[in-house]
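> One file: structure-v3.csv (CSV, C-alpha atoms).
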```csv
chain,number,residue,atom,x,y,z
A,346,MET,CA,198.4,75.9,148.2
A,347,THR,CA,196.4,75.9,151.5
A,348,ASP,CA,194.0,78.3,150.0
A,349,ARG,CA,193.3,75.9,147.1
A,350,ALA,CA,192.8,73.0,149.5
A,351,ALA,CA,190.4,75.0,151.5
A,352,ARG,CA,188.5,76.1,148.4
A,353,ARG,CA,188.3,72.4,147.3
A,354,ARG,CA,187.0,71.4,150.8
A,355,ARG,CA,184.3,74.1,150.5
A,356,ALA,CA,183.4,72.8,147.0
A,357,LYS,CA,183.1,69.3,148.4
A,358,GLY,CA,181.0,70.6,151.3
A,359,LEU,CA,178.7,72.3,148.7
A,360,MET,CA,178.4,69.1,146.7
A,361,ASP,CA,177.7,67.2,149.9
A,362,THR,CA,174.9,69.7,150.8
A,363,ILE,CA,173.4,69.3,147.3
A,364,THR,CA,173.5,65.5,147.6
A,365,VAL,CA,171.9,65.5,151.1
A,366,GLY,CA,169.3,68.0,149.8
A,367,CYS,CA,168.4,65.7,146.9
A,368,VAL,CA,168.1,62.7,149.3
A,369,ALA,CA,166.1,64.8,151.8
A,370,LEU,CA,163.7,65.9,149.0
A,371,ALA,CA,163.1,62.3,147.9
A,372,LEU,CA,162.6,61.2,151.5
A,373,ALA,CA,160.2,64.2,152.2
A,374,ILE,CA,158.1,63.3,149.2
A,375,ALA,CA,157.9,59.6,150.2
A,376,THR,CA,157.2,60.4,153.9
A,377,SER,CA,154.4,62.8,152.9
A,378,GLN,CA,152.8,60.2,150.7
A,379,LEU,CA,153.3,57.5,153.4
A,380,VAL,CA,151.4,59.7,155.9
A,381,LYS,CA,148.8,60.7,153.4
A,382,GLU,CA,148.0,57.3,151.8
A,383,GLY,CA,149.0,54.9,154.6
A,384,LEU,CA,151.6,52.2,154.9
A,385,GLN,CA,149.5,49.6,152.9
A,386,GLU,CA,149.1,51.8,149.9
A,387,PHE,CA,152.7,52.9,150.0
A,388,LEU,CA,154.2,49.4,150.3
A,389,PHE,CA,151.9,47.4,148.1
A,390,ARG,CA,150.8,48.2,144.6
A,391,PRO,CA,148.0,46.7,142.7
A,392,PRO,CA,149.1,44.1,140.1
A,393,GLY,CA,150.0,45.7,136.8
A,394,VAL,CA,150.4,49.2,138.2
A,395,GLY,CA,153.7,50.7,137.2
A,396,ALA,CA,155.0,47.7,135.4
A,397,SER,CA,154.0,46.2,132.2
A,398,PRO,CA,155.0,42.6,131.8
A,399,SER,CA,157.7,42.2,129.1
A,400,GLN,CA,156.3,38.8,127.9
A,401,PRO,CA,152.6,38.2,128.3
A,402,ASP,CA,151.6,35.2,130.4
A,403,ASN,CA,149.9,32.8,128.0
A,404,ASN,CA,147.5,31.5,130.7
A,405,THR,CA,146.3,34.9,131.7
A,406,SER,CA,146.8,37.1,128.7
A,407,ALA,CA,143.5,36.1,127.1
A,408,ALA,CA,141.6,36.9,130.3
A,409,ALA,CA,143.3,40.1,131.2
A,410,SER,CA,143.6,42.0,128.0
A,411,PRO,CA,141.8,45.3,128.5
A,412,ARG,CA,143.2,46.8,125.3
A,413,THR,CA,141.4,44.3,123.1
A,414,PRO,CA,137.7,44.5,123.8
A,415,PRO,CA,135.4,42.2,122.0
A,416,GLN,CA,134.4,43.4,118.6
A,417,VAL,CA,131.0,45.1,118.2
A,418,ALA,CA,130.1,42.4,115.6
A,419,GLU,CA,130.5,39.7,118.3
A,420,LEU,CA,128.2,41.5,120.7
A,421,ILE,CA,125.4,42.5,118.4
A,422,PRO,CA,123.9,39.8,116.2
A,423,PRO,CA,123.8,40.8,112.6
A,424,ALA,CA,120.4,42.3,111.6
A,425,ALA,CA,118.5,40.6,108.9
A,426,VAL,CA,119.3,42.4,105.7
A,427,PRO,CA,116.8,42.0,102.9
A,428,SER,CA,118.4,40.8,99.7
A,429,PRO,CA,118.9,43.8,97.3
A,430,PRO,CA,116.8,43.9,94.2
A,431,PRO,CA,118.5,42.9,91.0
A,432,VAL,CA,120.5,45.9,89.6
A,433,GLU,CA,121.3,46.6,86.0
A,434,GLU,CA,125.0,46.4,85.0
A,435,GLY,CA,125.4,50.1,84.2
A,436,LYS,CA,123.8,51.3,87.4
A,437,ARG,CA,125.9,49.0,89.6
A,438,HIS,CA,129.0,50.6,88.1
A,439,HIS,CA,127.7,54.0,88.7
A,440,ASP,CA,127.0,53.3,92.4
A,441,GLY,CA,130.6,52.0,93.0
A,442,SER,CA,132.2,55.1,91.6
A,443,HIS,CA,129.9,57.3,93.7
A,444,HIS,CA,131.1,55.7,96.9
A,445,ARG,CA,134.7,56.4,96.1
B,972,MET,CA,219.8,59.0,101.0
B,973,ILE,CA,217.7,55.9,100.3
B,974,SER,CA,217.4,55.1,104.0
B,975,ASN,CA,216.3,58.7,104.6
B,976,GLN,CA,213.6,58.3,101.9
B,977,ALA,CA,212.5,54.9,103.3
B,978,SER,CA,212.3,56.5,106.8
B,979,ALA,CA,210.3,59.4,105.5
B,980,TYR,CA,208.0,57.0,103.6
B,981,SER,CA,207.3,54.9,106.7
B,982,THR,CA,206.8,58.0,108.8
B,983,SER,CA,204.3,59.2,106.3
B,984,LEU,CA,202.5,55.8,106.3
B,985,ALA,CA,202.4,55.8,110.1
B,986,ARG,CA,200.9,59.3,110.0
B,987,ASP,CA,198.3,58.3,107.5
B,988,GLU,CA,197.4,55.2,109.6
B,989,ARG,CA,197.0,57.4,112.7
B,990,VAL,CA,194.8,59.9,110.7
B,991,HIS,CA,192.7,57.0,109.5
B,992,ARG,CA,192.4,55.5,112.9
B,993,GLY,CA,191.5,58.9,114.3
B,994,ILE,CA,188.7,59.3,111.7
B,995,TYR,CA,187.3,55.8,112.6
B,996,LYS,CA,187.4,56.7,116.3
B,997,THR,CA,185.7,60.0,115.8
B,998,ALA,CA,183.0,58.3,113.7
B,999,ALA,CA,182.5,55.6,116.3
B,1000,LEU,CA,182.2,58.3,119.1
B,1001,TRP,CA,179.5,60.2,117.1
B,1002,PHE,CA,177.7,56.9,116.3
B,1003,PHE,CA,177.5,56.1,120.0
B,1004,ARG,CA,176.5,59.7,120.8
B,1005,ALA,CA,173.7,59.5,118.1
B,1006,LEU,CA,172.3,56.4,119.9
B,1007,LEU,CA,171.4,58.7,122.8
B,1008,LEU,CA,168.8,60.4,120.7
B,1009,ILE,CA,166.8,57.1,120.3
B,1010,PRO,CA,164.6,57.4,123.4
B,1011,PHE,CA,163.6,61.0,122.5
B,1012,ALA,CA,163.0,60.0,118.9
B,1013,LEU,CA,160.7,57.2,120.1
B,1014,MET,CA,158.8,59.4,122.5
B,1015,GLY,CA,158.9,62.5,120.3
B,1016,PRO,CA,155.6,61.9,118.2
B,1017,GLU,CA,153.6,61.2,121.4
B,1018,ILE,CA,155.0,64.3,123.1
B,1019,VAL,CA,154.3,66.5,120.1
B,1020,SER,CA,150.8,65.0,120.0
B,1021,ALA,CA,150.2,65.8,123.7
B,1022,ILE,CA,151.5,69.4,123.1
B,1023,LEU,CA,149.1,69.8,120.2
B,1024,GLY,CA,146.3,68.6,122.5
B,1025,ARG,CA,145.3,65.5,120.4
B,1026,PRO,CA,142.8,63.2,122.1
B,1027,GLY,CA,144.3,60.1,123.8
B,1028,ALA,CA,147.9,61.5,123.6
B,1029,VAL,CA,148.3,62.0,127.4
B,1030,ALA,CA,147.0,58.4,128.0
B,1031,ASN,CA,149.4,57.1,125.4
B,1032,ILE,CA,152.4,58.8,127.1
B,1033,SER,CA,151.2,57.5,130.5
B,1034,ALA,CA,151.2,54.0,129.1
B,1035,SER,CA,154.6,54.1,127.4
B,1036,VAL,CA,156.7,56.5,129.4
B,1037,ALA,CA,158.1,54.0,131.8
B,1038,ASP,CA,158.6,51.3,129.1
B,1039,VAL,CA,160.5,53.6,126.8
B,1040,LEU,CA,162.2,56.2,128.9
B,1041,GLY,CA,162.7,54.0,131.9
B,1042,THR,CA,164.3,51.2,130.0
B,1043,SER,CA,166.3,53.7,127.9
B,1044,THR,CA,167.6,55.3,131.1
B,1045,PHE,CA,168.8,51.9,132.4
B,1046,LEU,CA,170.4,50.9,129.1
B,1047,ILE,CA,172.2,54.2,129.0
B,1048,PHE,CA,173.4,53.8,132.6
B,1049,LEU,CA,174.7,50.3,131.8
B,1050,THR,CA,176.5,51.5,128.7
B,1051,MET,CA,178.1,54.3,130.8
B,1052,LEU,CA,179.1,51.7,133.4
B,1053,ALA,CA,180.7,49.5,130.7
B,1054,VAL,CA,183.2,52.2,129.7
B,1055,THR,CA,185.6,51.6,132.5
B,1056,PRO,CA,185.6,47.7,132.2
B,1057,ILE,CA,186.2,48.1,128.5
B,1058,HIS,CA,189.2,50.2,129.2
B,1059,THR,CA,190.4,47.6,131.8
B,1060,ILE,CA,190.0,44.7,129.3
B,1061,THR,CA,191.3,46.4,126.1
B,1062,GLY,CA,193.4,49.3,127.3
B,1063,TRP,CA,191.4,51.6,124.8
B,1064,ARG,CA,191.1,55.2,125.8
B,1065,TRP,CA,189.3,56.7,122.8
B,1066,HIS,CA,185.9,55.8,124.2
B,1067,VAL,CA,186.4,57.1,127.8
B,1068,ILE,CA,184.8,60.5,126.9
B,1069,LEU,CA,181.5,58.5,126.4
B,1070,ARG,CA,181.3,58.0,130.1
B,1071,ARG,CA,180.5,61.7,130.6
B,1072,ASP,CA,178.3,61.9,127.5
B,1073,TYR,CA,176.2,58.9,128.6
B,1074,GLY,CA,176.0,60.2,132.2
B,1075,ILE,CA,174.6,63.5,131.0
B,1076,ALA,CA,172.2,61.7,128.6
B,1077,MET,CA,171.1,59.4,131.3
B,1078,PHE,CA,170.1,62.4,133.5
B,1079,ALA,CA,168.3,64.0,130.6
B,1080,THR,CA,166.3,60.8,129.9
B,1081,ALA,CA,165.6,60.2,133.6
B,1082,ALA,CA,164.5,63.8,134.1
B,1083,THR,CA,162.2,63.6,131.0
B,1084,ASP,CA,160.8,60.3,132.3
B,1085,ILE,CA,160.0,61.6,135.8
B,1086,THR,CA,158.6,64.9,134.4
B,1087,LEU,CA,156.3,63.1,131.9
B,1088,ALA,CA,155.3,60.6,134.6
B,1089,ALA,CA,154.4,63.4,137.0
B,1090,ILE,CA,152.3,65.1,134.4
B,1091,THR,CA,150.6,62.2,132.7
B,1092,THR,CA,150.2,59.2,135.0
B,1093,GLY,CA,147.2,60.5,136.9
B,1094,ASP,CA,145.1,57.6,135.5
B,1095,THR,CA,147.3,55.0,137.1
B,1096,PHE,CA,148.2,57.0,140.3
B,1097,PRO,CA,145.3,59.2,141.3
B,1098,GLY,CA,146.3,62.0,143.5
B,1099,THR,CA,148.8,64.9,143.2
B,1100,VAL,CA,152.1,65.2,141.4
B,1101,LEU,CA,153.8,63.9,144.5
B,1102,THR,CA,151.7,60.7,144.5
B,1103,ARG,CA,152.9,60.0,140.9
B,1104,ILE,CA,156.6,60.4,141.8
B,1105,GLY,CA,156.7,59.1,145.4
B,1106,GLY,CA,153.4,57.4,146.2
B,1107,HIS,CA,154.8,53.9,146.2
B,1108,THR,CA,158.1,52.4,147.3
B,1109,PHE,CA,159.2,51.7,143.7
B,1110,LEU,CA,158.4,55.3,142.7
B,1111,PHE,CA,160.4,56.5,145.7
B,1112,ALA,CA,163.4,54.4,144.6
B,1113,GLY,CA,163.1,55.8,141.0
B,1114,THR,CA,162.8,59.4,142.1
B,1115,LEU,CA,165.7,59.0,144.5
B,1116,SER,CA,167.8,57.6,141.7
B,1117,THR,CA,167.0,60.5,139.5
B,1118,LEU,CA,167.6,63.1,142.2
B,1119,LEU,CA,171.0,61.5,143.0
B,1120,LEU,CA,172.0,62.1,139.4
B,1121,VAL,CA,171.9,65.9,140.0
B,1122,PRO,CA,175.2,66.1,141.9
B,1123,LEU,CA,176.7,63.8,139.3
B,1124,VAL,CA,175.6,65.8,136.3
B,1125,ILE,CA,176.6,69.1,138.0
B,1126,THR,CA,180.2,67.8,138.3
B,1127,ALA,CA,180.4,66.0,134.9
B,1128,ASN,CA,182.8,68.6,133.4
B,1129,ARG,CA,186.4,69.6,133.5
B,1130,ARG,CA,185.9,72.8,135.5
B,1131,ALA,CA,184.1,70.9,138.3
B,1132,GLN,CA,187.0,68.4,138.2
B,1133,GLN,CA,189.5,71.2,138.8
B,1134,TRP,CA,187.1,72.9,141.3
B,1135,LEU,CA,186.8,69.7,143.5
B,1136,GLY,CA,190.3,68.4,143.0
B,1137,ARG,CA,190.8,65.0,144.7
B,1138,HIS,CA,187.2,65.2,146.1
B,1139,TRP,CA,185.8,64.9,142.6
B,1140,LYS,CA,186.1,61.1,142.6
B,1141,SER,CA,184.3,60.8,145.9
B,1142,VAL,CA,181.4,62.8,144.5
B,1143,GLN,CA,181.4,60.6,141.4
B,1144,ARG,CA,181.1,57.5,143.7
B,1145,ILE,CA,177.4,58.4,144.1
B,1146,THR,CA,177.1,56.5,140.8
B,1147,TYR,CA,177.3,53.3,142.9
B,1148,VAL,CA,174.5,54.4,145.2
B,1149,VAL,CA,172.4,55.2,142.1
B,1150,TRP,CA,173.2,51.7,140.8
B,1151,ALA,CA,171.9,50.2,144.0
B,1152,THR,CA,168.8,52.4,144.1
B,1153,ILE,CA,168.0,51.5,140.4
B,1154,LEU,CA,168.3,47.8,141.2
B,1155,LEU,CA,166.0,48.3,144.2
B,1156,HIS,CA,163.5,50.2,141.9
B,1157,LEU,CA,163.5,47.3,139.5
B,1158,PHE,CA,163.2,44.7,142.2
B,1159,LEU,CA,160.2,46.5,143.7
B,1160,LEU,CA,158.7,46.8,140.3
B,1161,PHE,CA,159.3,43.3,138.9
B,1162,GLY,CA,160.3,41.1,141.9
B,1163,LEU,CA,162.6,38.2,141.2
B,1164,THR,CA,161.6,38.0,137.5
B,1165,THR,CA,162.5,39.1,134.0
B,1166,ILE,CA,163.8,42.7,134.0
B,1167,PHE,CA,165.3,42.5,137.5
B,1168,LEU,CA,167.2,39.3,136.8
B,1169,TYR,CA,168.5,40.8,133.5
B,1170,ALA,CA,169.6,43.8,135.5
B,1171,VAL,CA,171.5,41.6,138.0
B,1172,GLU,CA,173.0,39.5,135.2
B,1173,VAL,CA,174.2,42.6,133.3
B,1174,SER,CA,175.6,44.1,136.5
B,1175,ALA,CA,177.6,41.1,137.5
B,1176,PRO,CA,180.5,41.5,135.1
B,1177,LEU,CA,180.5,45.2,135.5
B,1178,VAL,CA,180.9,44.8,139.3
B,1179,LEU,CA,183.5,42.0,138.9
B,1180,LEU,CA,185.8,44.2,136.8
B,1181,ARG,CA,185.5,47.0,139.3
B,1182,VAL,CA,186.8,44.8,142.2
B,1183,PRO,CA,190.2,46.5,142.9
B,1184,LEU,CA,192.1,43.2,143.0
B,1185,VAL,CA,190.6,42.0,139.7
B,1186,ARG,CA,191.1,45.3,138.0
B,1187,ARG,CA,194.8,45.6,139.1
B,1188,TRP,CA,195.6,42.1,138.1
B,1189,TRP,CA,194.0,42.6,134.6
B,1190,ASP,CA,195.7,45.9,134.1
B,1191,ALA,CA,199.1,44.6,135.1
B,1192,ALA,CA,198.7,41.4,132.9
B,1193,ARG,CA,197.6,43.5,129.9
B,1194,ARG,CA,200.5,45.9,130.2
B,1195,ALA,CA,203.0,43.0,130.6
B,1196,GLY,CA,201.3,41.0,127.9
B,1197,ARG,CA,200.9,38.0,130.2
B,1198,HIS,CA,198.0,35.4,130.5
B,1199,ARG,CA,196.7,36.2,127.0
B,1200,VAL,CA,194.6,33.1,126.7
B,1201,LEU,CA,193.2,33.3,130.2
B,1202,ARG,CA,192.3,37.0,129.8
B,1203,GLY,CA,190.8,36.2,126.4
B,1204,ALA,CA,188.6,33.4,127.7
B,1205,ALA,CA,187.6,35.5,130.8
B,1206,ALA,CA,186.7,38.4,128.6
B,1207,LEU,CA,184.5,36.2,126.4
B,1208,VAL,CA,182.7,34.8,129.4
B,1209,LEU,CA,182.2,38.3,130.8
B,1210,VAL,CA,180.9,39.7,127.5
B,1211,ALA,CA,178.6,36.8,127.1
B,1212,VAL,CA,177.1,37.3,130.6
B,1213,PHE,CA,176.8,41.0,129.9
B,1214,ALA,CA,175.1,40.4,126.6
B,1215,ALA,CA,172.7,37.8,128.0
B,1216,GLY,CA,171.3,40.6,130.3
B,1217,TYR,CA,171.7,43.6,127.9
B,1218,VAL,CA,170.2,42.1,124.7
B,1219,PRO,CA,166.8,41.3,126.2
B,1220,LEU,CA,166.6,44.8,127.7
B,1221,ALA,CA,167.5,46.3,124.4
B,1222,ARG,CA,164.9,44.1,122.7
B,1223,GLU,CA,162.4,45.2,125.2
B,1224,LEU,CA,163.1,48.8,124.3
B,1225,ALA,CA,162.9,48.1,120.6
B,1226,GLU,CA,159.6,46.3,120.9
B,1227,LYS,CA,157.9,48.8,123.3
B,1228,GLY,CA,159.6,51.8,121.7
B,1229,GLY,CA,158.7,50.7,118.2
B,1230,ALA,CA,155.1,50.2,119.3
B,1231,THR,CA,155.0,53.6,120.8
B,1232,PHE,CA,156.4,55.2,117.7
B,1233,ILE,CA,154.2,53.3,115.3
B,1234,GLN,CA,151.1,53.8,117.3
B,1235,GLN,CA,151.5,57.5,116.9
B,1236,SER,CA,152.3,57.3,113.2
B,1237,SER,CA,149.3,55.1,112.5
B,1238,ARG,CA,146.9,57.3,114.4
B,1239,ASP,CA,148.0,60.3,112.3
```
Here is a file; write its structure as structure tokens.


Amino acid sequence: MTDRAARRRRAKGLMDTITVGCVALALAIATSQLVKEGLQEFLFRPPGVGASPSQPDNNTSAAASPRTPPQVAELIPPAAVPSPPPVEEGKRHHDGSHHR
Amino acid sequence: MISNQASAYSTSLARDERVHRGIYKTAALWFFRALLLIPFALMGPEIVSAILGRPGAVANISASVADVLGTSTFLIFLTMLAVTPIHTITGWRWHVILRRDYGIAMFATAATDITLAAITTGDTFPGTVLTRIGGHTFLFAGTLSTLLLVPLVITANRRAQQWLGRHWKSVQRITYVVWATILLHLFLLFGLTTIFLYAVEVSAPLVLLRVPLVRRWWDAARRAGRHRVLRGAAALVLVAVFAAGYVPLARELAEKGGATFIQQSSRD
């Protein structure tokens, strides 16, 4: 009975050690980063880093939408295209099938 | 003779009903277990893409890992925490095994999340692997939450229960520390807005039903069959509050996870 209780206490001690080890590991990582990057960098994150808003803000979404760049067609004015010469009916059909 | 036959017939009916109920319960258990595959199914195509070395796959994982696996981890955690209050309210026991399954799945999801974040988020967090998992306060809180799951998952089995005896419960109480560090992680990420408020909202009924006084009162009233109307009304309110926080989080996962999955499919 006493032997079992002692074994369970040792098991609890082992689990406590693992838990403390996990906390210490997290703290060591954070401390090393705090020393390396500085307090400002550690405490404050640039807006948008690490969190994507669940619902886009209507006021700012249009201004801050890096994933939807303006279309090429909007930036480059369409070049003047000379009107094609009249094509015979049979030839037009042939060109269409060729492209496919 | 007739009474014997009637008795045999009713016993047989009761046995059939028990068998049927057992089948439903087993089906329900496997349904809830199958739900645990969703985060991996949603991230799967992007992970496969990255393994195959397709262009843009790593950037895609970097953009979606927190939204999909982070939200999934929290939803799994909340579902795990809901198991005990459901038992308190209804007295059901068939679902209690899900607490262990969801706990292990939560660790698997969180570990995948932190591993992928450490590998792929170099564009957002320039620096070493350590910068990506502990370079900011919110990253530290998330990493601490994941690491604290290690002792929980090690002891999430019957053998550990026998090994630790009465100490097993005290080890499992680390769950409450994890709960606090997850809420801190969400607060540091989102502030007093959206996801953090949903997290607080969904946590409130789970905390209330864990208050020893409330739990004991509910348990005793349920066993004695007293205060049915009061318990029914209270249960409705608690479920409504829980759902008000849980549903937006699940919708968030559906939207972000669906986009992640479809993005991959459309690219292929």

> Once you count only C-alpha atoms, which residues end up no further than 12 Å from (148.7, 65.5, 123.6) in the file's frame, shown as a PyMOL selection string?

chain B and resi 1014-1033+1087+1090-1091+1235

> Once you count only C-alpha atoms, which residues of chain A turn out to be within 7 Å of chain B? Could you give them as a list in words?

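Here they are: Arg353, Ala356, Lys357, Met360, Ile363, Thr364, Cys367, Val368, Ala371, Ile374, Ala375, Gln378, Phe387, Leu388, Val394, Ala396 and Ser399 of chain A.
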
> Take atom CA of B:Leu1207 and atom CA of B:Val1067 and report the distance between them in Å, one decimal.

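So the answer is 21.0 Å.
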
> Please indicate the distance in Å from atom CA of A:Gly358 to atom CA of B:Arg1070, rounded to one decimal place.

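According to the coordinates, atom CA of A:Gly358 and atom CA of B:Arg1070 are separated by 24.7 Å.
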
> Rounded to one decimal, what separation in Å do you get between atom CA of B:Gln1143 and atom CA of B:Ala1127?

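Interatomic distance, atom CA of B:Gln1143 to atom CA of B:Ala1127: 8.5 Å.
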
> Could you pull the residues within 7 Å of B:Val1036, counting all atoms listed in the file, minus those fewer than 5 positions along the same chain, as a ChimeraX atom specification?

/B:1041,1084,1088

> Name all residues at most 7 Å from stretch 1073-1083 of chain B (count all atoms listed in the file; drop same-chain ones fewer than 2 positions away) and give them as a ChimeraX atom specification.

/B:1007,1040,1044,1047-1048,1051,1069-1071,1085-1087,1117,1120,1124
